[in-house]
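For reference, the structure is listed below as structure tokens.
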Amino acid sequence: MATPVLSSESASDTASDGTAESAVAAGTPASAEATPKRRRVRRADLAAIGAYVMLGVFVCLEHWLDVSNRISSHLPSDHSWFEWLFSHGAYSVRHLENPLFSTQQNAPDGVNMMANTSILGVTLPLAPVTWLLGPQVTYVLYLGGALAATAATSYWMLSRYLVSSRAAAFAGGAFLGFAPGVIHHANGQPNFVSHFLLPIIVVRVLRLGEPGRWLRNGIVLGLLVAYQIFINEEMLLLTALACLVVVVGYAIARREQARAKWRSFVSALGVGGGLALLLTAYPIWYQFNGPQSSRGLQDGVFHSWGEDLAAYVTFSRDTIAGNAAVEQTIGLTEQNSWFGWPLVALAVLTLALLWRRSGAARIAGVVIAVFTIASLGPRIRFNGTETELYGPWHFISDELPLVEMMMPTRLALVVTAAVGVLIALAWESVARADLGTAPSAAVARKFGYAAVALALLPLFPTPLPTRHVESPPTFITSGAWREYVDADRTLVPVPVPSNVHGLATLRWSALTQHEFAVPGGYFIGPNAAGDGIFGAPPRPTTMLMYQTMSAAEVPQIDAEQRRQALEDLRFWNAAVVVLGAHEQDELLLELMTELLGPAVRVDDVWLWDVRQQVG
């Protein structure tokens with residue numbers, strides 16, 4: 001998560017035990033004036049990490065109850081895609097193939113993995129886990145682990161650079177790791193819960209001005225940025241934008257200090273940027289110029305996805321206070337804010353009380369204001385209704401590089417990060433407030449803690465909802481398909497997988513760890529004009545399958561459609577066409593029989609051996 005790391009100007013930023021960072025000048029980013037002393041890992045730190053791990057297990061509980069046959073009920077297609085990605089990483093390592101491209105989906109054209117959310121920085125290191133346990137277990141293990149790791153690195157950042165109270169750091173870290181916007185993406189999009197490097201990257205950015213350490217600081221930042229590119233480029237971009245706001249704010253507020261540090265800062269930034277570019281130049285070139293690359297999404301589909309203003313004070317669906325019905329009115333896009341009104345009230349109150357005496361609070365407030373406005377998209381929406389008011393994205397072309405692929409609503413994740421900082425500051429200010437020793441002071445302190453806790457309690461996440469999914473046919477899992485499919489041929493599942501249909505048949509490839517190639521799939525690739533579209537450009541036979549399922553009726557099949565079916569099979573270099581259990585399997589069996597002739601029952605599938613027909 002794009003977490004701004006800042007230091008308070010008050011003495012409350014100095015740890016009472018003398019082990020945290022010394023107080024620095026007002027508004028100075030952490031470590032801009034002094035490097036914090038090393039702090040030993042204590043029982044409180046281990047307890048915090050343990051709590052985050054347990055919370056990660058709890059959030060994934062429904063998956064663990066039947067990991068082989070459960071899938072996200074909110075984003076099943078995305079869930080299947082990421083299982084496929086874990087298999088891709090394992091396949092690439094096992095066969096020593098270029099991980100930037102895959103021919104095991106969308107055969108014969110393949111998929112540009114850098115142009116998709118391939119999370120290679122995760123799938124490649126976890127290849128041994130996928131080999132041993134399969135992509136389903138790897139997916140759930142990583143999902144819960146990424147949530148806990150993000151909370152843990154946020155806790156580290158907060159406890160070492162911002163607050164002295166470990167309880168304050170724990171509260172802020174828990175929110176940053178398990179915020180409503182993060183849990184929303186945990187429903188099938190683990191790339192958007194993988195924020196564990198971002199707090200560290202922000203810390204390293206804010207330490208670039210340290211005198212005499214420009215080379216070391218630049219190298220460390222460059223390595224972190226390069227690795228983050230292979231986890232989630234979009235969140236890295238949002239983090240860079242947040243850092244830009246923080247650094248500019250600091251330079252304006254502290255001109256003399258900024259002037260004294262700018263050479264070290266720029267030198268370190270140049271080293272870091274140069275190293276990251278050196279390490280990632282070829283993959284980035286491949287992303288935009290390699291095979292199956294595209295020029296952004298057709299018609300700038302994401303450009304209009306702004307956050308509804310009412311969403312900021314609404315409880316998310318996946319929290320104990322949430323209501324799934326609300327998203328039918330204001331949940332037209334992703335749920336990236338959804339703080340609920342108590343937390344919004346706490347954030348406003350914290351800003352009001354700490355504005356004059358906390359540089360951290362001031363800069364967090366600026367970040368919140370900037371990114372809340374930016375998240376609203378081209379038209380302001382309120383409570384599900386699009387108003388006549390223009391948002392900032394109305395004035396930004398959806399054809400600009402990078403901008404064309406961004407969703408304005410995701411800028412709300414930066415707001416989430418700044419709110420996490422305010423939560424830690426609020427708890428810290430209560431813990432260190434000079435209230436005296438009177439009984440009323442103890443009551444006031446308890447009231448302050450209760451206010452923070454009550455703002456967070458409604459946002460406690462519920463286990464991610466799942467639904468049952470059938471296992472692949474025995475014909476697939478037993479390896480019986482090997483008798484029919486050579487290495488240079490494809491297995492054509494019915495229906496051919498796409499971003500709408502064929503969820504189950506895409507999982508055949510994922511759960512066999514890509515041992516055979518399939519046509520179609522769930523990915524972003526180019527259309528004939530080079531613009532990005534979801535899935536493969538439709539072939540006539542795949543369209544006929546989808547239209548038949550939609551109409552629930554087999555159309556009259558003529559000789560031209562039979563000829564086209566064989567042409568499509570030749571294009572795919574098909575060996576066999578396979579129909580397994582499907583809610584419309586009788587309909588699909590009738591259709592494919594009309595196109596290809598009678599099928600043969602092999603194990604638990606209907607099979608058409610088309611090798612002789614295709615040639």
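Within each chain, counting starts at residue 1; across the structure tokens, chains are named A, B, ... in the order shown, with ligands numbered 1 upward in that order.
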Report as a tab-separated table: every residue of range 52-129 of chain A with an atom at most 8 Å from range 134-149 of chain A, its closest pair of atoms, and their distance in Å to one decimal, counting only C-alpha atoms, with rows sorted by chain and ascending residue number.
```
residue	atom	partner	partner_atom	distance
A:Tyr52	CA	A:Ala148	CA	4.9
A:Val53	CA	A:Ala148	CA	5.1
A:Leu55	CA	A:Ala148	CA	7.4
A:Gly56	CA	A:Gly144	CA	4.4
A:Val57	CA	A:Gly144	CA	5.8
A:Val59	CA	A:Gly144	CA	7.2
A:Cys60	CA	A:Gly144	CA	6.3
A:His63	CA	A:Val140	CA	7.0
A:Trp64	CA	A:Val140	CA	7.6
A:Val67	CA	A:Val137	CA	6.5
A:Ser68	CA	A:Gln136	CA	6.4
A:Phe82	CA	A:Tyr139	CA	7.3
A:Glu83	CA	A:Pro135	CA	5.3
A:Trp84	CA	A:Pro135	CA	7.3
A:Phe86	CA	A:Pro135	CA	5.6
A:Ser87	CA	A:Pro135	CA	5.9
A:Leu126	CA	A:Thr138	CA	7.7
A:Val129	CA	A:Thr138	CA	6.4
```
Write the selection just made, keeping C-alpha atoms, as a compact mmCIF listing (two decimals), in the first residue's frame?
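Generated file (selection.txt):
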```txt
# COMPACT_ATOMS: atom_id res chain seq x y z
CA TYR A 52 -1.50 -10.64 11.72
CA VAL A 53 -0.80 -14.23 10.63
CA LEU A 55 -5.97 -12.79 10.99
CA GLY A 56 -4.70 -13.82 7.55
CA VAL A 57 -5.73 -17.41 8.25
CA VAL A 59 -9.80 -14.16 6.38
CA CYS A 60 -9.03 -17.21 4.18
CA HIS A 63 -10.91 -21.45 1.37
CA TRP A 64 -9.10 -23.68 3.86
CA VAL A 67 -9.15 -25.83 -0.56
CA SER A 68 -9.47 -28.15 -3.56
CA PHE A 82 -4.21 -16.34 -10.47
CA GLU A 83 -4.23 -20.10 -9.90
CA TRP A 84 -3.19 -20.34 -13.56
CA PHE A 86 1.04 -19.87 -10.05
CA SER A 87 1.11 -22.82 -12.44
CA LEU A 126 7.00 -20.12 -5.03
CA VAL A 129 5.49 -24.94 -3.36
```
#### Entry: Nearby residues (only C-alpha atoms) at most 12 Å from Leu309 in chain A, same-chain spacing under 5 positions excluded, as a list in words
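Residues near the query, excluding close chain neighbours: Thr314, Ile330, Gly331, Gln335, Asn336, Ser337, Trp338, Phe339, Gly340, Trp341, Thr372, Ile373, Ala374, Ser375, Leu376, Gly377, Arg379, Ile380, Arg381, Phe382, Asn383, Gly384, Thr385, Glu386, Thr387, Gly391, Thr409 and Ala412 of chain A.
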Using only C-alpha atoms, can you tell me which of A:Trp608, A:Phe534, A:Phe175, A:Tyr250 comes closest to Ala575 in chain A?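 Looking only at the distances to Ala575 in chain A, the closest residue turns out to be A:Trp608.
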The residue from A:Gln228, A:Ser429, A:Gln104, A:Ser73 with the smallest atom-to-atom distance to Ala240 in chain A, counting only C-alpha atoms, is A:Gln228
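Each of A:Ala310, A:His184, A:Ile363, A:Arg357 was compared to Ala251 in chain A using only C-alpha atoms, and A:Ile363 turns out to be the nearest.
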Students should find that CA of Arg94 in chain A and CA of Pro125 in chain A are spaced 11.9 Å
Write down as a PyMOL selection string the residues of range 403-536 of chain A whose backbone DSSP state falls under helix (DSSP H, G or I).
-> chain A and resi 403-405+408-432+439-459+474-477+480-483+503-511
Using only C-alpha atoms, the residue out of A:Leu223, A:Ala345, A:Val248, A:Glu307 with shortest distance to Leu279 in chain A is A:Leu223
Closest of A:Pro465, A:Pro493, A:Gly448, A:Pro128 to Ala324 in chain A, counting only C-alpha atoms, is A:Pro465
A straight line from CA of Ala369 in chain A to CA of Val415 in chain A spans 8.2 Å
Across A:Glu594, A:Ala455, A:Glu586, A:Ala581, the smallest distance to Arg563 in chain A, with only C-alpha atoms counted, is shown by A:Glu594
Long-range neighbours of range 285-294 of chain A as a list in words, 6 Å cut-off, only C-alpha atoms, 6 positions minimum in chain: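 The residues that qualify are Asn112, Met114, Ala115, Gly525, Pro526, Gly530, Asp531 and Gly532 of chain A.
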Between CA of Ala242 in chain A and CA of Lys261 in chain A lies a distance of 19.8 Å
